[in-house]
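K.L.:
Dropping a structure here in structure tokens format, bear with me for questions.
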2 protein chains.
Amino acid sequence: MTRRVLLVGIGAGDPDHLTLGAVRALNRADVVFLVDKGPVAEDLRARRRALLDRVVEPGRTPRVVERTLTAVRDRDRSRYDAGVEAWRAERLDAYRDLVAGLGPDETGAFLVWGDPTLYDGTLAILDDARAGVDFEVEVVPGISSVSALAARHGVALNRVGEAVQLTTGRRLVDEGLPAGVDNVVVLLDAHEAWRVLDEDLHIWWGAFVGMEREILVSGRLGDVRDEIAERRERAEQEAGWMFDTYLVRRRPQAGP
Amino acid sequence: MTRRVLLVGIGAGDPDHLTLGAVRALNRADVVFLVDKGPVAEDLRARRRALLDRVVEPGRTPRVVERTLTAVRDRDRSRYDAGVEAWRAERLDAYRDLVAGLGPDETGAFLVWGDPTLYDGTLAILDDARAGVDFEVEVVPGISSVSALAARHGVALNRVGEAVQLTTGRRLVDEGLPAGVDNVVVLLDAHEAWRVLDEDLHIWWGAFVGMEREILVSGRLGDVRDEIAERRERAEQEAGWMFDTYLVRRRPQAGP
């Protein structure tokens, strides 16, 4: 008898991103954990509940356990690392607590936006939580915001034989565009790195990709930078939060 | 009235990778194109047919049009580029022909393994095919072999704040491991780059991930290299083809 934890990738926001495996996982779960944080919490929790209502079969009624985390990461660079640590500590406590609340042969499911293996900390935190409680983990892959972005723009992440790097806005601001790779996808860009990148890059930018309020902008960065700035700011004000991702590509003269 | 082409990501081999959006797309299609190539063709075509049988609703009967491509890419470096060109030209002709065979308001679906925006040439070839025939493209994102690999190993592609680069075996053999990035995922590795990489890297290797004959090996590369070599060779002999993907990570001393 072992507690079982499913990390279920639920895609980037569009309910059509759910996989048949995710649907099956949600129907296997005894408990579904909904953990959210900050100003995003209410909106995202409603979306997860809607996904559950859509795919959980009548008669299956997993208990839903909600938890809202309060530690907020600070965009101020001097306090950033301390903020990340506090937030991680709060998550670790919360996740260990949630998993320990499972019965000895029960299965609990964490719903993870995008893909649980890409720019999501849940897997690492569950690894740490193993120190306090015994359980097995199974990962159900999901459509990442990166795949969703490229699909909506109808653009491949790489041209034939090329490499693509996925990185954070912070790394771009600190280190510039990585050398030796022509395709760079940027996630977690609170630092708005697109403001300082080379204007001759081609950019495929998206906010809230897969949701009703999706915005897509693409073109030579120098030509579309103002449009991105304006639409991003307006959308953030309207939604109360922002989730954007983008691909930039060198050598636009070769065509997208 | 416009011809419509759906590029449907069908995941890495596990039918559970199919998304609800892919299921919907296959049920919308008037025609499904099954294009395969080389020694893989028969096995993969049977798998695609099984997927269709599983998800297409009774009463919906899209026409299935099969095409087997014959140009084979040559692993010999001196003939590699010429082989790629011949193969690409054959694909372009075939795809243009298939799309032109659609009625003026029909929808055709290409089933693409993995995610159509990651290391798959279909999107670029359809862009070129536009020169000869008028149609619209819609991409349905899928679970890539990269996501599937990480999920099956239960490992994140990147640690917090780190970058991850997706690249080809050929680039690794030519240029070595890219600088400035600690996580590297290798696809299309006919060159078996894992044979020449630093033995202190940690590797998460997988072949036929998501299929019945899936093989997973992980550990310090120096410790598992022989095991990978043996199991890979045996599996390739048994299956008649090989599809493997892997993640390598620097600084294994920090723990996976």
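In the structure tokens, the first chain shown is A, the next is B, and so on; residue numbers restart at 1 for each chain, and ligands run from 1 in the order shown.
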Could you pull the residues within 7 Å of range 222-236 of chain A, counting only C-alpha atoms, minus those fewer than 4 positions along the same chain, as a PDB file with N, CA and C atoms, in the first residue's frame?

P.N.:
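Heads up, here's the output in part_10.pdb:
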```
ATOM      1  N   GLU A 199      16.630  44.637 -32.306  1.00  0.00           N
ATOM      2  CA  GLU A 199      15.407  44.942 -33.059  1.00  0.00           C
ATOM      3  C   GLU A 199      15.295  44.148 -34.358  1.00  0.00           C
ATOM      4  N   ASP A 200      16.387  43.523 -34.788  1.00  0.00           N
ATOM      5  CA  ASP A 200      16.325  42.746 -36.025  1.00  0.00           C
ATOM      6  C   ASP A 200      15.909  41.289 -35.821  1.00  0.00           C
ATOM      7  N   VAL A 217       1.124  38.473 -31.286  1.00  0.00           N
ATOM      8  CA  VAL A 217       1.776  39.501 -32.103  1.00  0.00           C
ATOM      9  C   VAL A 217       3.046  38.879 -32.675  1.00  0.00           C
ATOM     10  N   GLY A 240      -5.562  41.495 -14.342  1.00  0.00           N
ATOM     11  CA  GLY A 240      -5.002  41.480 -12.991  1.00  0.00           C
ATOM     12  C   GLY A 240      -3.751  40.622 -12.888  1.00  0.00           C
ATOM     13  N   TRP A 241      -3.363  39.966 -13.990  1.00  0.00           N
ATOM     14  CA  TRP A 241      -2.119  39.205 -14.037  1.00  0.00           C
ATOM     15  C   TRP A 241      -1.701  39.069 -15.495  1.00  0.00           C
ATOM     16  N   MET A 242      -0.554  38.504 -15.704  1.00  0.00           N
ATOM     17  CA  MET A 242      -0.016  38.391 -17.066  1.00  0.00           C
ATOM     18  C   MET A 242       0.723  37.073 -17.198  1.00  0.00           C
TER      19      MET A 242
END
```

K.L.:
Sort by chain and increasing residue number a table of all residues of chain A within 7 Å of chain B, each with its closest pair of atoms and their distance in Å to one decimal, counting only C-alpha atoms, and write it as CSV.

P.N.:
```
residue,atom,partner,partner_atom,distance
A:Asp16,CA,B:Gly21,CA,4.4
A:His17,CA,B:Thr19,CA,5.5
A:Leu18,CA,B:Thr19,CA,5.3
A:Thr19,CA,B:Thr19,CA,3.8
A:Leu20,CA,B:Asp16,CA,4.9
A:Gly21,CA,B:Asp16,CA,4.4
A:Thr117,CA,B:Ala156,CA,4.1
A:Leu118,CA,B:Leu157,CA,5.7
A:Tyr119,CA,B:Asn158,CA,6.8
A:Gly121,CA,B:Val160,CA,6.9
A:Leu123,CA,B:Ala156,CA,6.8
A:Glu138,CA,B:Gly154,CA,6.8
A:Val139,CA,B:Ala151,CA,5.0
A:Val140,CA,B:Ala151,CA,6.3
A:Pro141,CA,B:Ala151,CA,5.7
A:Gly142,CA,B:Ile143,CA,6.4
A:Ile143,CA,B:Ile143,CA,6.0
A:Ser147,CA,B:Pro141,CA,6.0
A:Ala148,CA,B:Pro141,CA,6.2
A:Ala150,CA,B:Thr117,CA,6.2
A:Ala151,CA,B:Val139,CA,5.0
A:Arg152,CA,B:Val139,CA,6.9
A:Gly154,CA,B:Val139,CA,6.1
A:Val155,CA,B:Thr117,CA,6.5
A:Ala156,CA,B:Thr117,CA,4.1
A:Leu157,CA,B:Thr117,CA,5.6
A:Asn158,CA,B:Leu118,CA,6.7
A:Val160,CA,B:Gly121,CA,6.9
A:Gly161,CA,B:Thr168,CA,6.7
A:Glu162,CA,B:Thr167,CA,6.8
A:Ala163,CA,B:Thr167,CA,4.3
A:Val164,CA,B:Leu166,CA,5.3
A:Gln165,CA,B:Gln165,CA,4.1
A:Leu166,CA,B:Val164,CA,5.3
A:Thr167,CA,B:Ala163,CA,4.4
A:Thr168,CA,B:Gly161,CA,6.7
```

K.L.:
Skip range 26-42 of chain A itself and residues of its chain fewer than 3 positions away, then list as a ChimeraX atom specification all residues within 6 Å of it, counting only C-alpha atoms.

P.N.:
/A:23,45,56,62-69,107-110

K.L.:
Counting only C-alpha atoms, figure out which residue out of B:Gly101, B:Arg130, B:Ala12, B:Arg47 gets nearest to Phe208 in chain B.

P.N.:
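When distances to Phe208 in chain B are compared using only C-alpha atoms, the smallest one comes from B:Ala12.
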
K.L.:
Using DSSP secondary structure from the backbone, list all alpha helix (DSSP H) positions within range 152-223 of chain B, as a list in words.

P.N.:
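Of range 152-223 of chain B, only Arg152, His153, Gly169, Arg170, Arg171, Leu172, Val173, Asp174, Glu175, Leu221, Gly222 and Asp223 of chain B fall in alpha helix (DSSP H).
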
K.L.:
So which bits of range 37-74 of chain A end up strand (DSSP E or B) when you DSSP the backbone, as a PyMOL selection string?

P.N.:
chain A and resi 37+63-69

K.L.:
Take the selection from the previous step and output its residues with all heavy atoms, as an mmCIF file, in the first residue's frame.

P.N.:
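selection_4.cif, written as the output of this step:
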```
data_model
loop_
_atom_site.group_PDB
_atom_site.id
_atom_site.type_symbol
_atom_site.label_atom_id
_atom_site.label_comp_id
_atom_site.auth_asym_id
_atom_site.auth_seq_id
_atom_site.Cartn_x
_atom_site.Cartn_y
_atom_site.Cartn_z
ATOM 1 N N LYS A 37 -1.609 30.575 -6.350
ATOM 2 C CA LYS A 37 -0.924 31.595 -5.570
ATOM 3 C C LYS A 37 -1.231 32.992 -6.109
ATOM 4 O O LYS A 37 -1.562 33.175 -7.277
ATOM 5 C CB LYS A 37 0.585 31.364 -5.630
ATOM 6 C CG LYS A 37 1.152 31.468 -7.036
ATOM 7 C CD LYS A 37 2.662 31.339 -7.030
ATOM 8 C CE LYS A 37 3.218 31.749 -8.386
ATOM 9 N NZ LYS A 37 2.908 30.798 -9.457
ATOM 10 N N ARG A 63 -12.394 14.001 -4.057
ATOM 11 C CA ARG A 63 -12.379 15.143 -3.140
ATOM 12 C C ARG A 63 -11.485 16.216 -3.730
ATOM 13 O O ARG A 63 -10.430 15.921 -4.279
ATOM 14 C CB ARG A 63 -11.803 14.739 -1.772
ATOM 15 C CG ARG A 63 -12.464 13.556 -1.104
ATOM 16 C CD ARG A 63 -12.101 13.457 0.379
ATOM 17 N NE ARG A 63 -10.679 13.382 0.683
ATOM 18 C CZ ARG A 63 -9.948 12.264 0.684
ATOM 19 N NH1 ARG A 63 -10.491 11.109 0.335
ATOM 20 N NH2 ARG A 63 -8.673 12.282 1.035
ATOM 21 N N VAL A 64 -11.924 17.446 -3.624
ATOM 22 C CA VAL A 64 -11.091 18.556 -4.104
ATOM 23 C C VAL A 64 -10.563 19.319 -2.897
ATOM 24 O O VAL A 64 -11.335 19.737 -2.042
ATOM 25 C CB VAL A 64 -11.888 19.487 -5.028
ATOM 26 C CG1 VAL A 64 -11.045 20.707 -5.413
ATOM 27 C CG2 VAL A 64 -12.347 18.742 -6.282
ATOM 28 N N VAL A 65 -9.238 19.413 -2.804
ATOM 29 C CA VAL A 65 -8.610 20.125 -1.691
ATOM 30 C C VAL A 65 -7.923 21.363 -2.245
ATOM 31 O O VAL A 65 -7.036 21.251 -3.102
ATOM 32 C CB VAL A 65 -7.590 19.227 -0.964
ATOM 33 C CG1 VAL A 65 -6.905 20.000 0.158
ATOM 34 C CG2 VAL A 65 -8.272 17.978 -0.422
ATOM 35 N N GLU A 66 -8.344 22.518 -1.791
ATOM 36 C CA GLU A 66 -7.782 23.767 -2.313
ATOM 37 C C GLU A 66 -6.781 24.347 -1.332
ATOM 38 O O GLU A 66 -6.910 24.207 -0.122
ATOM 39 C CB GLU A 66 -8.894 24.785 -2.555
ATOM 40 C CG GLU A 66 -9.922 24.287 -3.558
ATOM 41 C CD GLU A 66 -10.885 25.376 -3.986
ATOM 42 O OE1 GLU A 66 -10.841 26.470 -3.391
ATOM 43 O OE2 GLU A 66 -11.662 25.118 -4.927
ATOM 44 N N ARG A 67 -5.787 24.995 -1.872
ATOM 45 C CA ARG A 67 -4.792 25.647 -1.030
ATOM 46 C C ARG A 67 -4.304 26.893 -1.781
ATOM 47 O O ARG A 67 -3.935 26.804 -2.947
ATOM 48 C CB ARG A 67 -3.619 24.689 -0.774
ATOM 49 C CG ARG A 67 -2.639 25.141 0.266
ATOM 50 C CD ARG A 67 -3.245 25.138 1.683
ATOM 51 N NE ARG A 67 -3.680 23.827 2.135
ATOM 52 C CZ ARG A 67 -2.992 23.058 2.998
ATOM 53 N NH1 ARG A 67 -1.851 23.492 3.479
ATOM 54 N NH2 ARG A 67 -3.450 21.886 3.366
ATOM 55 N N THR A 68 -4.335 28.015 -1.126
ATOM 56 C CA THR A 68 -3.790 29.231 -1.742
ATOM 57 C C THR A 68 -2.511 29.617 -1.033
ATOM 58 O O THR A 68 -2.479 29.762 0.187
ATOM 59 C CB THR A 68 -4.805 30.391 -1.661
ATOM 60 O OG1 THR A 68 -6.014 29.982 -2.297
ATOM 61 C CG2 THR A 68 -4.263 31.622 -2.371
ATOM 62 N N LEU A 69 -1.437 29.740 -1.803
ATOM 63 C CA LEU A 69 -0.161 30.144 -1.226
ATOM 64 C C LEU A 69 -0.096 31.666 -1.193
ATOM 65 O O LEU A 69 -0.645 32.343 -2.047
ATOM 66 C CB LEU A 69 0.993 29.572 -2.054
ATOM 67 C CG LEU A 69 0.952 28.051 -2.207
ATOM 68 C CD1 LEU A 69 2.133 27.573 -3.035
ATOM 69 C CD2 LEU A 69 0.955 27.362 -0.854
#
```

K.L.:
Given the choices A:Ile125, A:Val196, A:Asp105, A:Ile10, which gets closest to Gly210 in chain A if the distance is worked out from only C-alpha atoms?

P.N.:
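Of the candidates, the smallest distance to Gly210 in chain A is held by A:Ile10.
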
K.L.:
With only C-alpha atoms as the atoms that count, which of A:Ala82, A:Ala129, A:Ile203, A:Val173 lies nearest to Ala190 in chain A?

P.N.:
A:Val173

K.L.:
Given the choices B:Gly206, B:Leu201, B:Gln237, B:Glu136, which gets closest to Arg220 in chain B if the distance is worked out from only C-alpha atoms?

P.N.:
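Nearest to Arg220 in chain B: B:Leu201.
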
K.L.:
I'd like the interatomic distance between CA of Glu106 in chain A and CA of Leu52 in chain A, to a tenth of an Å.

P.N.:
18.6 Å

K.L.:
Hey, which of B:Leu126, B:Asp53, B:Val112, B:Gly59 ends up closest to Ala89 in chain B? Count only C-alpha atoms.

P.N.:
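Closest residue, counting only C-alpha atoms: B:Leu126.
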
K.L.:
So the first atom is CA of Arg213 in chain B and the second is CA of Asp244 in chain B; what is the distance between them in Å, to one decimal place?

P.N.:
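Distance reported for this atom pair: 11.6 Å.
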